[in-house]
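J.: A single structure is presented below for examination.
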Amino acid sequence: MLNRRQLLVGAAGALVGGMTLPGRAGAQQAGRVALSDRLSVLTSGRTNVVVLSTADGPVLVHSGAPESTDPFMSDLKPLSSGRVTTVFNTHWHLENTGANEALRQAGA
């Protein structure tokens, strides 16, 4: 039986891993792709960040690359009415944990 964390990490990994955006090969574009009313993917630089909107605030899977922290935080503002509550890092690679400190300072 899966616990809640395993389910969330698996679902987020499947969404990000299976996602193909046209014209993205080698591109350094930034933006937001809405997957549903509550689920989005923020693309900034070399990584994707899954954002689940909850009543308590957004829950993120990863936080993006360090050089993309400022654009990422700007893209995140419309999705966060308040502050980010939780950030899940599935592994330690810098391109996935780059904005952790900025999010922590903002209250995550």
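Every chain in the structure tokens has a letter given in the order shown (A, B, ...), and although residue numbers restart at 1 in each chain, ligands are simply numbered from 1 in the order shown.
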Excluding range 71-75 of chain A and any residue of its chain fewer than 4 positions from it, enumerate the residues within 9 Å of it, using only C-alpha atoms, and give them as an MDAnalysis selection string.
T.: chainID A and resid 30:32 42:44 63:65 67 79 99 102:103
J.: Convert the current residue selection to file output with N, CA and C atoms, as a short mmCIF file (atom, residue, chain, number, x, y, z; two decimals), in the first residue's frame.
T.:
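Writing the result to result.cif gives the following:
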data_model
loop_
_atom_site.label_atom_id
_atom_site.label_comp_id
_atom_site.auth_asym_id
_atom_site.auth_seq_id
_atom_site.Cartn_x
_atom_site.Cartn_y
_atom_site.Cartn_z
N ALA A 30 10.51 30.24 -20.36
CA ALA A 30 9.85 30.17 -19.06
C ALA A 30 8.37 30.34 -19.27
N GLY A 31 7.59 29.75 -18.38
CA GLY A 31 6.15 29.92 -18.48
C GLY A 31 5.41 28.98 -17.58
N ARG A 32 4.09 28.97 -17.77
CA ARG A 32 3.20 28.15 -16.94
C ARG A 32 2.32 27.33 -17.86
N LEU A 42 5.44 24.90 -13.85
CA LEU A 42 6.21 26.10 -14.18
C LEU A 42 7.50 25.66 -14.84
N THR A 43 7.74 26.18 -16.03
CA THR A 43 8.97 25.85 -16.75
C THR A 43 9.85 27.08 -16.74
N SER A 44 11.03 26.91 -16.20
CA SER A 44 11.96 28.03 -16.17
C SER A 44 13.37 27.49 -16.32
N SER A 63 12.12 23.13 -6.91
CA SER A 63 12.09 24.59 -6.83
C SER A 63 12.89 25.26 -7.94
N GLY A 64 13.33 24.51 -8.92
CA GLY A 64 13.98 25.10 -10.07
C GLY A 64 15.47 25.29 -9.91
N ALA A 65 16.08 25.75 -11.00
CA ALA A 65 17.52 25.97 -11.06
C ALA A 65 17.88 27.29 -10.38
N GLU A 67 19.88 29.76 -11.19
CA GLU A 67 19.91 30.94 -12.05
C GLU A 67 18.51 31.38 -12.49
N LEU A 79 0.07 32.21 -8.62
CA LEU A 79 -0.45 30.95 -8.13
C LEU A 79 -0.48 30.87 -6.61
N ALA A 99 15.89 27.18 -5.80
CA ALA A 99 15.15 28.25 -5.12
C ALA A 99 14.70 27.86 -3.72
N ALA A 102 15.34 30.73 -1.22
CA ALA A 102 14.44 31.86 -1.43
C ALA A 102 13.02 31.53 -0.96
N LEU A 103 12.58 30.31 -1.19
CA LEU A 103 11.25 29.90 -0.72
C LEU A 103 11.21 29.80 0.80
#
J.: Pick out the closest residue to Asn89 in chain A from this set: A:Arg104, A:His62, A:Arg38, A:Arg46. Count only C-alpha atoms.
T.: A:His62
J.: Applying 10 Å and only C-alpha atoms, which residues near Leu52 in chain A remain after dropping the ones on its own chain fewer than 3 positions away? List them as a list of chain:residue names.
T.: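 Here the answer would be A:Ala12, A:Leu35, A:Ser36, A:Asp37, A:Arg38, A:Leu39, A:Ser40, A:Val41, A:Val49, A:Gly57, A:Pro58, A:Val59, A:Leu60, A:Val61, A:Leu79, A:Ser80, A:Thr86.
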J.: Store the residues picked out above in a file with all heavy atoms, as a compact mmCIF listing (two decimals), in the first residue's frame.
T.:
# COMPACT_ATOMS: atom_id res chain seq x y z
N ALA A 12 3.62 13.21 -9.34
CA ALA A 12 4.34 14.37 -9.86
C ALA A 12 5.44 13.95 -10.81
O ALA A 12 5.64 14.56 -11.87
CB ALA A 12 4.93 15.19 -8.70
N LEU A 35 -2.31 22.20 -15.99
CA LEU A 35 -2.70 20.82 -16.24
C LEU A 35 -4.13 20.55 -15.81
O LEU A 35 -4.80 19.67 -16.35
CB LEU A 35 -1.75 19.87 -15.52
CG LEU A 35 -0.27 20.00 -15.88
CD1 LEU A 35 0.57 19.09 -15.02
CD2 LEU A 35 -0.07 19.70 -17.36
N SER A 36 -4.60 21.31 -14.82
CA SER A 36 -5.97 21.25 -14.35
C SER A 36 -6.24 22.55 -13.60
O SER A 36 -5.41 23.46 -13.60
CB SER A 36 -6.19 20.04 -13.44
OG SER A 36 -5.55 20.23 -12.19
N ASP A 37 -7.39 22.64 -12.93
CA ASP A 37 -7.71 23.84 -12.16
C ASP A 37 -6.71 24.08 -11.04
O ASP A 37 -6.42 25.22 -10.70
CB ASP A 37 -9.12 23.74 -11.55
CG ASP A 37 -10.21 23.78 -12.59
OD1 ASP A 37 -9.91 24.16 -13.75
OD2 ASP A 37 -11.35 23.41 -12.27
N ARG A 38 -6.19 23.00 -10.45
CA ARG A 38 -5.31 23.13 -9.29
C ARG A 38 -3.87 22.73 -9.55
O ARG A 38 -3.02 22.93 -8.69
CB ARG A 38 -5.86 22.26 -8.16
CG ARG A 38 -7.21 22.71 -7.66
CD ARG A 38 -7.75 21.86 -6.54
NE ARG A 38 -6.76 21.66 -5.51
CZ ARG A 38 -6.67 20.56 -4.78
NH1 ARG A 38 -7.49 19.56 -4.96
NH2 ARG A 38 -5.74 20.46 -3.84
N LEU A 39 -3.58 22.14 -10.69
CA LEU A 39 -2.25 21.61 -10.95
C LEU A 39 -1.62 22.30 -12.15
O LEU A 39 -2.23 22.40 -13.21
CB LEU A 39 -2.34 20.10 -11.20
CG LEU A 39 -1.06 19.31 -11.19
CD1 LEU A 39 -0.39 19.36 -9.82
CD2 LEU A 39 -1.34 17.87 -11.56
N SER A 40 -0.40 22.81 -11.97
CA SER A 40 0.32 23.51 -13.03
C SER A 40 1.77 23.06 -13.04
O SER A 40 2.28 22.52 -12.06
CB SER A 40 0.31 25.02 -12.81
OG SER A 40 -1.00 25.51 -12.80
N VAL A 41 2.43 23.33 -14.17
CA VAL A 41 3.87 23.12 -14.28
C VAL A 41 4.48 24.46 -14.65
O VAL A 41 4.07 25.09 -15.62
CB VAL A 41 4.23 22.06 -15.34
CG1 VAL A 41 5.74 21.98 -15.53
CG2 VAL A 41 3.68 20.71 -14.96
N VAL A 49 8.78 22.64 -12.53
CA VAL A 49 8.33 22.60 -11.14
C VAL A 49 6.82 22.37 -11.17
O VAL A 49 6.09 23.11 -11.81
CB VAL A 49 8.64 23.92 -10.40
CG1 VAL A 49 8.09 23.89 -8.99
CG2 VAL A 49 10.14 24.18 -10.40
N GLY A 57 -2.22 27.04 0.60
CA GLY A 57 -1.16 27.62 -0.22
C GLY A 57 -0.58 26.55 -1.14
O GLY A 57 -0.88 25.37 -1.00
N PRO A 58 0.26 26.96 -2.09
CA PRO A 58 0.80 26.02 -3.06
C PRO A 58 1.75 25.00 -2.43
O PRO A 58 2.49 25.31 -1.50
CB PRO A 58 1.57 26.90 -4.04
CG PRO A 58 1.14 28.28 -3.78
CD PRO A 58 0.65 28.33 -2.38
N VAL A 59 1.72 23.80 -2.99
CA VAL A 59 2.66 22.74 -2.67
C VAL A 59 3.48 22.51 -3.93
O VAL A 59 2.91 22.32 -5.00
CB VAL A 59 1.94 21.46 -2.23
CG1 VAL A 59 2.92 20.32 -2.01
CG2 VAL A 59 1.11 21.70 -0.98
N LEU A 60 4.81 22.55 -3.82
CA LEU A 60 5.69 22.42 -4.98
C LEU A 60 6.44 21.11 -4.97
O LEU A 60 6.81 20.61 -3.90
CB LEU A 60 6.72 23.55 -4.99
CG LEU A 60 6.25 24.98 -4.86
CD1 LEU A 60 7.44 25.93 -4.92
CD2 LEU A 60 5.26 25.32 -5.95
N VAL A 61 6.69 20.57 -6.15
CA VAL A 61 7.64 19.48 -6.31
C VAL A 61 8.81 20.09 -7.06
O VAL A 61 8.69 20.44 -8.23
CB VAL A 61 7.04 18.28 -7.08
CG1 VAL A 61 8.10 17.19 -7.27
CG2 VAL A 61 5.83 17.75 -6.36
N LEU A 79 0.07 32.21 -8.62
CA LEU A 79 -0.45 30.95 -8.13
C LEU A 79 -0.48 30.87 -6.61
O LEU A 79 -1.06 29.96 -6.04
CB LEU A 79 0.40 29.78 -8.66
CG LEU A 79 0.43 29.62 -10.17
CD1 LEU A 79 1.42 28.55 -10.56
CD2 LEU A 79 -0.95 29.29 -10.70
N SER A 80 0.17 31.81 -5.96
CA SER A 80 0.27 31.74 -4.50
C SER A 80 -0.40 32.94 -3.86
O SER A 80 0.15 34.02 -3.85
CB SER A 80 1.74 31.65 -4.06
OG SER A 80 2.45 32.78 -4.48
N THR A 86 4.70 24.13 1.22
CA THR A 86 5.53 22.93 1.22
C THR A 86 6.29 22.81 -0.09
O THR A 86 5.74 23.09 -1.15
CB THR A 86 4.66 21.67 1.40
OG1 THR A 86 3.86 21.83 2.57
CG2 THR A 86 5.50 20.43 1.54
J.: Would you work out the distance separating CA of Asn48 in chain A from CA of Glu101 in chain A, expressed in Å to one decimal?
T.: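 Value for the CA of Asn48 in chain A-CA of Glu101 in chain A distance: 17.5 Å.
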J.: Grab the CA of Phe88 in chain A to CA of Ser53 in chain A distance for me, in Å with one decimal place.
T.: 13.9 Å
J.: Figure out the distance between CA of Thr90 in chain A and CA of Pro78 in chain A, please, to one decimal in Å.
T.: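 According to the coordinates, CA of Pro78 in chain A and CA of Thr90 in chain A are separated by 24.5 Å.
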J.: Which residues in range 65-101 of chain A does DSSP call helix (DSSP H, G or I)? List them as a PDB file with N, CA and C atoms, in the first residue's frame.
T.:
ATOM      1  N   PRO A  66      19.087  27.387  -9.795  1.00  0.00           N
ATOM      2  CA  PRO A  66      19.458  28.603  -9.063  1.00  0.00           C
ATOM      3  C   PRO A  66      19.461  29.862  -9.932  1.00  0.00           C
ATOM      4  N   GLU A  67      19.877  29.758 -11.187  1.00  0.00           N
ATOM      5  CA  GLU A  67      19.910  30.938 -12.047  1.00  0.00           C
ATOM      6  C   GLU A  67      18.514  31.376 -12.489  1.00  0.00           C
ATOM      7  N   SER A  68      17.506  30.545 -12.224  1.00  0.00           N
ATOM      8  CA  SER A  68      16.128  30.870 -12.602  1.00  0.00           C
ATOM      9  C   SER A  68      15.273  31.264 -11.409  1.00  0.00           C
ATOM     10  N   THR A  69      15.889  31.515 -10.257  1.00  0.00           N
ATOM     11  CA  THR A  69      15.130  31.807  -9.040  1.00  0.00           C
ATOM     12  C   THR A  69      14.238  33.036  -9.202  1.00  0.00           C
ATOM     13  N   ASP A  70      14.770  34.143  -9.711  1.00  0.00           N
ATOM     14  CA  ASP A  70      13.957  35.364  -9.837  1.00  0.00           C
ATOM     15  C   ASP A  70      12.785  35.180 -10.794  1.00  0.00           C
ATOM     16  N   PRO A  71      13.001  34.661 -12.023  1.00  0.00           N
ATOM     17  CA  PRO A  71      11.836  34.444 -12.901  1.00  0.00           C
ATOM     18  C   PRO A  71      10.856  33.423 -12.320  1.00  0.00           C
ATOM     19  N   PHE A  72      11.380  32.404 -11.658  1.00  0.00           N
ATOM     20  CA  PHE A  72      10.524  31.389 -11.050  1.00  0.00           C
ATOM     21  C   PHE A  72       9.639  32.006  -9.971  1.00  0.00           C
ATOM     22  N   MET A  73      10.214  32.812  -9.100  1.00  0.00           N
ATOM     23  CA  MET A  73       9.441  33.445  -8.033  1.00  0.00           C
ATOM     24  C   MET A  73       8.380  34.382  -8.624  1.00  0.00           C
ATOM     25  N   SER A  74       8.702  35.058  -9.723  1.00  0.00           N
ATOM     26  CA  SER A  74       7.719  35.924 -10.397  1.00  0.00           C
ATOM     27  C   SER A  74       6.580  35.103 -10.996  1.00  0.00           C
ATOM     28  N   ASP A  75       6.918  33.981 -11.641  1.00  0.00           N
ATOM     29  CA  ASP A  75       5.896  33.112 -12.228  1.00  0.00           C
ATOM     30  C   ASP A  75       5.014  32.482 -11.152  1.00  0.00           C
ATOM     31  N   LEU A  76       5.570  32.297  -9.967  1.00  0.00           N
ATOM     32  CA  LEU A  76       4.851  31.653  -8.879  1.00  0.00           C
ATOM     33  C   LEU A  76       3.837  32.586  -8.207  1.00  0.00           C
ATOM     34  N   LYS A  77       4.078  33.884  -8.236  1.00  0.00           N
ATOM     35  CA  LYS A  77       3.213  34.842  -7.528  1.00  0.00           C
ATOM     36  C   LYS A  77       1.729  34.716  -7.863  1.00  0.00           C
ATOM     37  N   PRO A  78       1.337  34.623  -9.153  1.00  0.00           N
ATOM     38  CA  PRO A  78      -0.101  34.511  -9.446  1.00  0.00           C
ATOM     39  C   PRO A  78      -0.742  33.230  -8.888  1.00  0.00           C
ATOM     40  N   LEU A  79       0.071  32.212  -8.622  1.00  0.00           N
ATOM     41  CA  LEU A  79      -0.453  30.946  -8.125  1.00  0.00           C
ATOM     42  C   LEU A  79      -0.480  30.872  -6.607  1.00  0.00           C
ATOM     43  N   LEU A  94      21.097  20.260  -8.073  1.00  0.00           N
ATOM     44  CA  LEU A  94      20.986  21.709  -7.933  1.00  0.00           C
ATOM     45  C   LEU A  94      19.920  22.312  -8.843  1.00  0.00           C
ATOM     46  N   GLU A  95      19.725  21.758 -10.046  1.00  0.00           N
ATOM     47  CA  GLU A  95      18.711  22.317 -10.944  1.00  0.00           C
ATOM     48  C   GLU A  95      17.294  22.081 -10.429  1.00  0.00           C
ATOM     49  N   ASN A  96      17.152  21.269  -9.390  1.00  0.00           N
ATOM     50  CA  ASN A  96      15.842  21.017  -8.799  1.00  0.00           C
ATOM     51  C   ASN A  96      15.674  21.625  -7.412  1.00  0.00           C
ATOM     52  N   THR A  97      16.738  22.149  -6.837  1.00  0.00           N
ATOM     53  CA  THR A  97      16.672  22.685  -5.478  1.00  0.00           C
ATOM     54  C   THR A  97      17.146  24.134  -5.402  1.00  0.00           C
ATOM     55  N   ASN A 100      15.208  26.748  -3.196  1.00  0.00           N
ATOM     56  CA  ASN A 100      14.806  26.334  -1.847  1.00  0.00           C
ATOM     57  C   ASN A 100      15.036  27.427  -0.815  1.00  0.00           C
ATOM     58  N   GLU A 101      16.194  28.060  -0.848  1.00  0.00           N
ATOM     59  CA  GLU A 101      16.509  29.079   0.145  1.00  0.00           C
ATOM     60  C   GLU A 101      15.592  30.288   0.014  1.00  0.00           C
TER      61      GLU A 101
END
J.: Report as a PDB file with C-alpha atoms, in the first residue's frame: the residues of range 25-106 of chain A with a DSSP assignment of strand (DSSP E), based on the backbone of this structure.
T.:
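So the final result, stored in part17.pdb, reads:
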ATOM      1  CA  ALA A  30       9.853  30.168 -19.063  1.00  0.00           C
ATOM      2  CA  GLY A  31       6.151  29.924 -18.482  1.00  0.00           C
ATOM      3  CA  ARG A  32       3.204  28.152 -16.944  1.00  0.00           C
ATOM      4  CA  VAL A  33       1.320  25.161 -18.263  1.00  0.00           C
ATOM      5  CA  ALA A  34      -2.015  24.540 -16.539  1.00  0.00           C
ATOM      6  CA  LEU A  39      -2.249  21.607 -10.952  1.00  0.00           C
ATOM      7  CA  SER A  40       0.323  23.507 -13.033  1.00  0.00           C
ATOM      8  CA  VAL A  41       3.870  23.123 -14.275  1.00  0.00           C
ATOM      9  CA  LEU A  42       6.206  26.104 -14.181  1.00  0.00           C
ATOM     10  CA  THR A  43       8.968  25.852 -16.746  1.00  0.00           C
ATOM     11  CA  SER A  44      11.964  28.031 -16.165  1.00  0.00           C
ATOM     12  CA  THR A  47      13.790  22.313 -15.115  1.00  0.00           C
ATOM     13  CA  ASN A  48      10.073  21.944 -14.445  1.00  0.00           C
ATOM     14  CA  VAL A  49       8.327  22.601 -11.142  1.00  0.00           C
ATOM     15  CA  VAL A  50       4.951  21.027 -10.381  1.00  0.00           C
ATOM     16  CA  VAL A  51       2.611  23.311  -8.410  1.00  0.00           C
ATOM     17  CA  LEU A  52      -0.488  22.016  -6.623  1.00  0.00           C
ATOM     18  CA  VAL A  59       2.663  22.745  -2.665  1.00  0.00           C
ATOM     19  CA  LEU A  60       5.686  22.424  -4.980  1.00  0.00           C
ATOM     20  CA  VAL A  61       7.645  19.476  -6.312  1.00  0.00           C
ATOM     21  CA  THR A  86       5.531  22.933   1.224  1.00  0.00           C
ATOM     22  CA  VAL A  87       8.365  22.087  -1.158  1.00  0.00           C
ATOM     23  CA  PHE A  88       9.146  18.456  -1.982  1.00  0.00           C
TER      24      PHE A  88
END
